[in-house]
Amino acid sequence: MGTVNWSTLTRMPVKAYHYELDTCFREGHDELRTALGDATTEVLHRSALMLVKPDGLATGKLKVICDFLESHGFSIIGAEMFRFDRHTGRELWRHQHTLATLDRLAVNDLVLQAGPTLLLLLRRHGDHALPATVHLSSLKGKADITQQAADSLRSVIGRPNRMCSMIHCADEPADLVRELNLLADPEPRKRLITRLADGAPGTDDRETLDHVLDSGEYGATVLDRDAAVERIGAAIRGRAAERPDLAPATTRLLEQLAATDRGEPLPWREFAAALAGLELDLDVWDVAMLGSSHIQEDEPDGIKVIGNPAPGSWLA
């Protein structure tokens with residue numbers, strides 16, 4: 001991998017420690033150095049990576065996101081659609097989900113695999129002391145909905161809860177290096193690295209964006225917890241009427257569903273397995289909204305191996 005100037009990539013020693021051994025970072029860094037040469041540091045300083053996750057695409061948030069980015073000096077220079085599987089979803093947040101409950105991992109798999117994800121490469125215009133990744137992360141807003149600023153991107157897109165977050169951003173240049181290598185297959189990755197070098201989108205990128213914005217394929221979903229609970233409950237009651245032999249399972253599920261109205265968490269893996277056993281024709285986003293709204297997300301004594309960069313660390 002050669003010598004890595006970590007001070008231009010992260011201000012977190014723990015991240016440098018883990019990424020130095022990370023296969024996706026090592027390969028990604030080598031690819032970028034090969035393609036960009038001496039311009040690597042400058043290009044990474046002015047570049048950012050964002051994912052519009054399946055919930056963001058399904059609810060038609062790309063136009064709002066594009067407008068927000070443009071108003072804050074960012075332009076889209078690369079776009080690639082891909083699908084998460086169980087392994088890429090776990091690997092992306094490998095160092096953060098060390099505090100996640102198993103129920104949270106299961107719901108996260110459900111949300112990420114419910115549809116395609118759009119990877120965006122961004123170029124930040126104008127001079128700025130902060131790397132574009134760090135700048136964009138500050139504009140994104142806090143993960144806690146109660147603490148996010150009204151003008152943050154997370155607030156503007158109206159995410160319903162923490163787990164249906166609709167977007168993800170690479171936090172620092174080191175994360176851009178790792179995540180681009182992890183999420184894009186070799187051929188699209190070559191094209192995206194070319195976009196980083198050129199600082200402008202190509203025909204393929206524009207066509208991808210136009211398709212998402214104009215095809216009518218995306219945007220019909222509304223993430224509404226109350227409506228989701230009502231529809232799932234009605235489906236369970238319908239199955240109970242059809243199949244009296246399933247009474248123990250349907251009664252238990254309806255009791256658990258009613259408990260969510262009292263603020264009680266769902267034992268998600270038990271609930272989801274029993275729900276699947278009824279073989280109901282449910283909208284995946286109804287199930288995702290239920291799970292993302294009513295589980296214990298973090299282990300009480302859990303810790304993140306790698307957290308967020310400390311505020312102001314890139315200005316020190």
# chains A, B, ... in the order shown; residues from 1 in each chain; ligands from 1
>>> residues_around(residues="Leu44 of chain A", least_positions_apart="5", cutoff="8 Å", atoms="only C-alpha atoms", output="mmCIF file with N, CA, C and O atoms, in the first residue's frame")
data_model
loop_
_atom_site.group_PDB
_atom_site.id
_atom_site.type_symbol
_atom_site.label_atom_id
_atom_site.label_comp_id
_atom_site.auth_asym_id
_atom_site.auth_seq_id
_atom_site.Cartn_x
_atom_site.Cartn_y
_atom_site.Cartn_z
ATOM 1 N N PRO A 131 -12.125 19.166 4.800
ATOM 2 C CA PRO A 131 -12.372 18.252 3.677
ATOM 3 C C PRO A 131 -13.868 18.221 3.363
ATOM 4 O O PRO A 131 -14.711 18.401 4.252
ATOM 5 N N ALA A 132 -14.188 17.970 2.117
ATOM 6 C CA ALA A 132 -15.591 17.961 1.705
ATOM 7 C C ALA A 132 -16.403 16.914 2.458
ATOM 8 O O ALA A 132 -17.579 17.122 2.759
ATOM 9 N N PRO A 173 -12.125 11.721 4.592
ATOM 10 C CA PRO A 173 -11.547 11.186 3.357
ATOM 11 C C PRO A 173 -11.204 9.698 3.440
ATOM 12 O O PRO A 173 -11.387 8.964 2.455
#
>>> select_by_dssp(residues="segment 20-134 of chain A", states="strand (DSSP E)", output="mmCIF file with C-alpha atoms, in the first residue's frame")
data_model
loop_
_atom_site.group_PDB
_atom_site.id
_atom_site.type_symbol
_atom_site.label_atom_id
_atom_site.label_comp_id
_atom_site.auth_asym_id
_atom_site.auth_seq_id
_atom_site.Cartn_x
_atom_site.Cartn_y
_atom_site.Cartn_z
ATOM 1 C CA SER A 47 -14.670 15.137 -2.842
ATOM 2 C CA ALA A 48 -17.417 13.466 -0.830
ATOM 3 C CA LEU A 49 -19.488 10.288 -0.999
ATOM 4 C CA MET A 50 -23.171 9.945 -0.220
ATOM 5 C CA LEU A 51 -25.597 7.048 -0.377
ATOM 6 C CA VAL A 52 -29.292 7.544 -1.013
ATOM 7 C CA PHE A 74 -21.728 20.548 -3.969
ATOM 8 C CA SER A 75 -22.261 19.055 -7.404
ATOM 9 C CA ILE A 76 -22.792 15.404 -8.343
ATOM 10 C CA ILE A 77 -19.917 14.047 -10.414
ATOM 11 C CA GLY A 78 -20.678 10.324 -10.272
ATOM 12 C CA ALA A 79 -23.741 8.117 -9.790
ATOM 13 C CA GLU A 80 -24.029 4.345 -9.526
ATOM 14 C CA MET A 81 -26.943 2.123 -8.517
ATOM 15 C CA PHE A 82 -26.208 -1.022 -6.531
ATOM 16 C CA THR A 117 -29.194 2.199 -3.269
ATOM 17 C CA LEU A 118 -27.781 5.150 -5.208
ATOM 18 C CA LEU A 119 -24.106 5.962 -4.647
ATOM 19 C CA LEU A 120 -23.227 9.592 -5.350
ATOM 20 C CA LEU A 121 -19.754 11.056 -5.708
ATOM 21 C CA LEU A 122 -19.682 14.787 -5.025
ATOM 22 C CA ARG A 123 -17.349 17.673 -5.716
ATOM 23 C CA ARG A 124 -17.347 20.652 -3.347
#
>>> residues_around(residues="Gly291 of chain A", least_positions_apart="2", cutoff="10 Å", atoms="only C-alpha atoms", output="list in words")
Asp103, Arg104, Ala106, Val107, Asn108, Leu110, Val111, Met163, Cys164, Arg225, Pro265, Leu266, Pro267, Trp268, Arg269, Phe271, Ala272, Trp285, Asp286, Val287, Ala288, Met289, Ser293, His294, Ile295 and Gln296 of chain A
>>> write_last_selection(atoms="N, CA, C and O atoms", output="compact mmCIF listing (two decimals), in the first residue's frame")
# COMPACT_ATOMS: atom_id res chain seq x y z
N ASP A 103 -31.34 -7.46 17.10
CA ASP A 103 -32.57 -7.01 16.46
C ASP A 103 -32.29 -5.84 15.52
O ASP A 103 -32.86 -5.77 14.42
N ARG A 104 -31.43 -4.94 15.92
CA ARG A 104 -31.10 -3.81 15.04
C ARG A 104 -30.40 -4.30 13.78
O ARG A 104 -30.68 -3.80 12.68
N ALA A 106 -30.87 -7.11 12.31
CA ALA A 106 -31.89 -7.74 11.47
C ALA A 106 -32.74 -6.70 10.76
O ALA A 106 -33.04 -6.83 9.56
N VAL A 107 -33.15 -5.65 11.47
CA VAL A 107 -33.96 -4.60 10.85
C VAL A 107 -33.12 -3.84 9.82
O VAL A 107 -33.61 -3.48 8.75
N ASN A 108 -31.86 -3.59 10.13
CA ASN A 108 -31.00 -2.89 9.18
C ASN A 108 -30.85 -3.69 7.88
O ASN A 108 -30.88 -3.13 6.78
N LEU A 110 -33.10 -5.65 6.68
CA LEU A 110 -34.39 -5.51 6.00
C LEU A 110 -34.47 -4.19 5.23
O LEU A 110 -34.85 -4.15 4.06
N VAL A 111 -34.08 -3.09 5.87
CA VAL A 111 -34.15 -1.77 5.25
C VAL A 111 -33.19 -1.69 4.06
O VAL A 111 -33.57 -1.23 2.97
N MET A 163 -33.36 4.62 12.18
CA MET A 163 -32.94 3.51 11.32
C MET A 163 -33.36 3.69 9.87
O MET A 163 -32.66 3.24 8.97
N CYS A 164 -34.51 4.30 9.64
CA CYS A 164 -34.87 4.67 8.26
C CYS A 164 -34.30 6.06 8.01
O CYS A 164 -35.02 7.06 7.95
N ARG A 225 -45.69 5.10 10.35
CA ARG A 225 -45.72 4.03 11.36
C ARG A 225 -47.14 3.62 11.70
O ARG A 225 -47.46 2.43 11.76
N PRO A 265 -40.97 -2.20 23.41
CA PRO A 265 -40.21 -2.67 22.24
C PRO A 265 -40.67 -4.04 21.79
O PRO A 265 -41.17 -4.84 22.58
N LEU A 266 -40.50 -4.30 20.51
CA LEU A 266 -40.80 -5.61 19.96
C LEU A 266 -39.59 -6.53 20.10
O LEU A 266 -38.45 -6.09 19.85
N PRO A 267 -39.79 -7.78 20.48
CA PRO A 267 -38.71 -8.77 20.35
C PRO A 267 -38.61 -9.14 18.87
O PRO A 267 -39.23 -10.11 18.42
N TRP A 268 -37.87 -8.36 18.12
CA TRP A 268 -38.03 -8.34 16.68
C TRP A 268 -37.82 -9.67 15.99
O TRP A 268 -38.60 -10.08 15.13
N ARG A 269 -36.75 -10.36 16.34
CA ARG A 269 -36.46 -11.59 15.60
C ARG A 269 -37.55 -12.64 15.84
O ARG A 269 -37.96 -13.34 14.92
N PHE A 271 -40.71 -11.89 16.63
CA PHE A 271 -41.90 -11.36 15.98
C PHE A 271 -41.82 -11.57 14.46
O PHE A 271 -42.77 -12.02 13.82
N ALA A 272 -40.68 -11.22 13.87
CA ALA A 272 -40.53 -11.31 12.42
C ALA A 272 -40.63 -12.75 11.93
O ALA A 272 -41.21 -13.02 10.87
N TRP A 285 -42.04 -2.13 3.22
CA TRP A 285 -41.81 -0.88 3.95
C TRP A 285 -42.70 -0.77 5.18
O TRP A 285 -42.33 -0.10 6.15
N ASP A 286 -43.85 -1.42 5.18
CA ASP A 286 -44.65 -1.48 6.41
C ASP A 286 -43.90 -2.26 7.48
O ASP A 286 -43.83 -1.85 8.64
N VAL A 287 -43.35 -3.40 7.08
CA VAL A 287 -42.59 -4.22 8.04
C VAL A 287 -41.35 -3.47 8.52
O VAL A 287 -41.01 -3.47 9.71
N ALA A 288 -40.67 -2.80 7.60
CA ALA A 288 -39.48 -2.04 7.97
C ALA A 288 -39.81 -0.90 8.93
O ALA A 288 -39.07 -0.63 9.88
N MET A 289 -40.91 -0.20 8.68
CA MET A 289 -41.30 0.89 9.57
C MET A 289 -41.64 0.38 10.96
O MET A 289 -41.29 0.99 11.97
N SER A 293 -39.17 1.30 14.20
CA SER A 293 -39.80 2.17 15.19
C SER A 293 -39.88 1.55 16.58
O SER A 293 -40.09 2.27 17.56
N HIS A 294 -39.71 0.22 16.68
CA HIS A 294 -40.06 -0.43 17.95
C HIS A 294 -39.09 -1.50 18.40
O HIS A 294 -39.51 -2.56 18.88
N ILE A 295 -37.81 -1.26 18.23
CA ILE A 295 -36.84 -2.21 18.76
C ILE A 295 -35.87 -1.48 19.69
O ILE A 295 -35.74 -0.26 19.64
N GLN A 296 -35.21 -2.26 20.52
CA GLN A 296 -34.06 -1.73 21.25
C GLN A 296 -32.89 -1.75 20.29
O GLN A 296 -32.49 -2.80 19.79
>>> residues_around(residues="Leu130 of chain A", least_positions_apart="4", cutoff="10 Å", atoms="only C-alpha atoms", output="PDB file with N, CA and C atoms, in the first residue's frame")
ATOM      1  N   HIS A  45      -9.680  15.910  -0.777  1.00  0.00           N
ATOM      2  CA  HIS A  45     -10.084  17.044   0.052  1.00  0.00           C
ATOM      3  C   HIS A  45     -11.353  17.691  -0.499  1.00  0.00           C
ATOM      4  N   ARG A  46     -11.510  17.675  -1.820  1.00  0.00           N
ATOM      5  CA  ARG A  46     -12.645  18.371  -2.451  1.00  0.00           C
ATOM      6  C   ARG A  46     -13.793  17.425  -2.812  1.00  0.00           C
ATOM      7  N   VAL A 134     -15.979  15.925   5.581  1.00  0.00           N
ATOM      8  CA  VAL A 134     -16.252  16.442   6.929  1.00  0.00           C
ATOM      9  C   VAL A 134     -17.295  17.553   6.864  1.00  0.00           C
ATOM     10  N   HIS A 135     -17.161  18.422   5.863  1.00  0.00           N
ATOM     11  CA  HIS A 135     -18.125  19.500   5.657  1.00  0.00           C
ATOM     12  C   HIS A 135     -19.532  18.934   5.441  1.00  0.00           C
ATOM     13  N   LEU A 136     -19.646  17.948   4.558  1.00  0.00           N
ATOM     14  CA  LEU A 136     -20.955  17.375   4.266  1.00  0.00           C
ATOM     15  C   LEU A 136     -21.537  16.678   5.496  1.00  0.00           C
ATOM     16  N   GLU A 172     -15.070  11.077   6.675  1.00  0.00           N
ATOM     17  CA  GLU A 172     -13.746  11.662   6.452  1.00  0.00           C
ATOM     18  C   GLU A 172     -13.202  11.127   5.129  1.00  0.00           C
ATOM     19  N   GLY A 312     -14.525  19.871  15.512  1.00  0.00           N
ATOM     20  CA  GLY A 312     -13.372  20.777  15.504  1.00  0.00           C
ATOM     21  C   GLY A 312     -12.035  20.114  15.287  1.00  0.00           C
ATOM     22  N   SER A 313     -12.009  18.779  15.190  1.00  0.00           N
ATOM     23  CA  SER A 313     -10.719  18.102  15.078  1.00  0.00           C
ATOM     24  C   SER A 313     -10.001  18.459  13.787  1.00  0.00           C
ATOM     25  N   TRP A 314     -10.752  18.776  12.733  1.00  0.00           N
ATOM     26  CA  TRP A 314     -10.104  19.126  11.468  1.00  0.00           C
ATOM     27  C   TRP A 314      -9.714  20.593  11.395  1.00  0.00           C
ATOM     28  N   LEU A 315     -10.080  21.370  12.400  1.00  0.00           N
ATOM     29  CA  LEU A 315      -9.687  22.773  12.450  1.00  0.00           C
ATOM     30  C   LEU A 315      -8.515  23.005  13.379  1.00  0.00           C
TER      31      LEU A 315
END
>>> residues_around(residues="Cys24 of chain A", least_positions_apart="2", cutoff="9 Å", atoms="only C-alpha atoms", output="list in words")
Tyr19, Asp22, Arg26, Glu27, Gly28, His29, Val177, Arg178, Glu179, Leu180, Asn181 and Leu182 of chain A
>>> closest_residue(among="A:Val284, A:Ala247, A:Ile145, A:Cys66", to="Ile232 of chain A", atoms="only C-alpha atoms")
A:Val284
>>> residues_around(residues="segment 301-308 of chain A", least_positions_apart="2", cutoff="6 Å", atoms="only C-alpha atoms", output="JSON, numbers by chain")
{"A": [95, 96, 98, 99, 299]}
>>> closest_residue(among="A:Leu62, A:Leu153, A:Ala129, A:Ala258", to="Thr208 of chain A", atoms="only C-alpha atoms")
A:Leu62
>>> select_by_dssp(residues="segment 8-251 of chain A", states="alpha helix (DSSP H)", output="ChimeraX atom specification")
/A:13-19,23-36,40-45,54-58,62-71,86-92,102-112,132-140,153-157,173-183,186-198,203-214,225-242,247-251
>>> atom_distance(atom1="atom CA of Thr250 of chain A", atom2="atom CA of Leu112 of chain A")
27.4 Å
>>> residues_around(residues="Ile157 of chain A", least_positions_apart="6", cutoff="8 Å", atoms="only C-alpha atoms", output="count of residues only")
3
>>> closest_residue(among="A:Ala241, A:Val229, A:Ala197, A:Met166", to="Gly60 of chain A", atoms="only C-alpha atoms")
A:Met166
>>> closest_residue(among="A:Gly37, A:Gly158, A:Gly73, A:Gly89", to="Gly126 of chain A", atoms="only C-alpha atoms")
A:Gly73
>>> atom_distance(atom1="atom CA of Leu253 of chain A", atom2="atom CA of Leu282 of chain A")
14.6 Å
>>> atom_distance(atom1="atom CA of Ala150 of chain A", atom2="atom CA of Asp175 of chain A")
26.2 Å
>>> decode(residues="segment 11-26 of chain A", atoms="N, CA and C atoms", output="CSV table (one decimal), in the first residue's frame")
chain,number,residue,atom,x,y,z
A,11,ARG,N,-8.6,12.3,11.4
A,11,ARG,CA,-8.0,12.8,12.6
A,11,ARG,C,-8.3,11.9,13.8
A,12,MET,N,-8.6,10.7,13.5
A,12,MET,CA,-8.9,9.7,14.5
A,12,MET,C,-7.8,8.6,14.5
A,13,PRO,N,-6.9,8.5,15.5
A,13,PRO,CA,-5.9,7.5,15.5
A,13,PRO,C,-6.5,6.1,15.5
A,14,VAL,N,-7.7,5.9,16.2
A,14,VAL,CA,-8.3,4.5,16.2
A,14,VAL,C,-8.7,4.1,14.8
A,15,LYS,N,-9.1,5.1,14.0
A,15,LYS,CA,-9.5,4.8,12.6
A,15,LYS,C,-8.3,4.4,11.8
A,16,ALA,N,-7.2,5.2,11.9
A,16,ALA,CA,-6.0,4.9,11.2
A,16,ALA,C,-5.5,3.5,11.6
A,17,TYR,N,-5.6,3.2,12.8
A,17,TYR,CA,-5.1,1.8,13.3
A,17,TYR,C,-5.9,0.7,12.6
A,18,HIS,N,-7.2,0.8,12.5
A,18,HIS,CA,-8.0,-0.2,12.0
A,18,HIS,C,-8.0,-0.2,10.4
A,19,TYR,N,-7.9,0.9,9.8
A,19,TYR,CA,-8.0,1.0,8.4
A,19,TYR,C,-6.6,0.6,7.8
A,20,GLU,N,-5.6,0.7,8.5
A,20,GLU,CA,-4.3,0.3,8.0
A,20,GLU,C,-4.3,-1.2,7.7
A,21,LEU,N,-5.1,-2.0,8.3
A,21,LEU,CA,-5.3,-3.4,8.1
A,21,LEU,C,-6.5,-3.8,7.3
A,22,ASP,N,-7.3,-2.8,6.9
A,22,ASP,CA,-8.6,-3.0,6.3
A,22,ASP,C,-8.4,-3.3,4.8
A,23,THR,N,-8.9,-4.4,4.3
A,23,THR,CA,-8.6,-4.7,2.9
A,23,THR,C,-9.2,-3.7,1.9
A,24,CYS,N,-10.4,-3.3,2.2
A,24,CYS,CA,-11.1,-2.3,1.3
A,24,CYS,C,-10.3,-1.0,1.3
A,25,PHE,N,-9.9,-0.5,2.4
A,25,PHE,CA,-9.1,0.7,2.5
A,25,PHE,C,-7.8,0.6,1.7
A,26,ARG,N,-7.1,-0.5,2.0
A,26,ARG,CA,-5.8,-0.7,1.4
A,26,ARG,C,-5.9,-0.8,-0.1
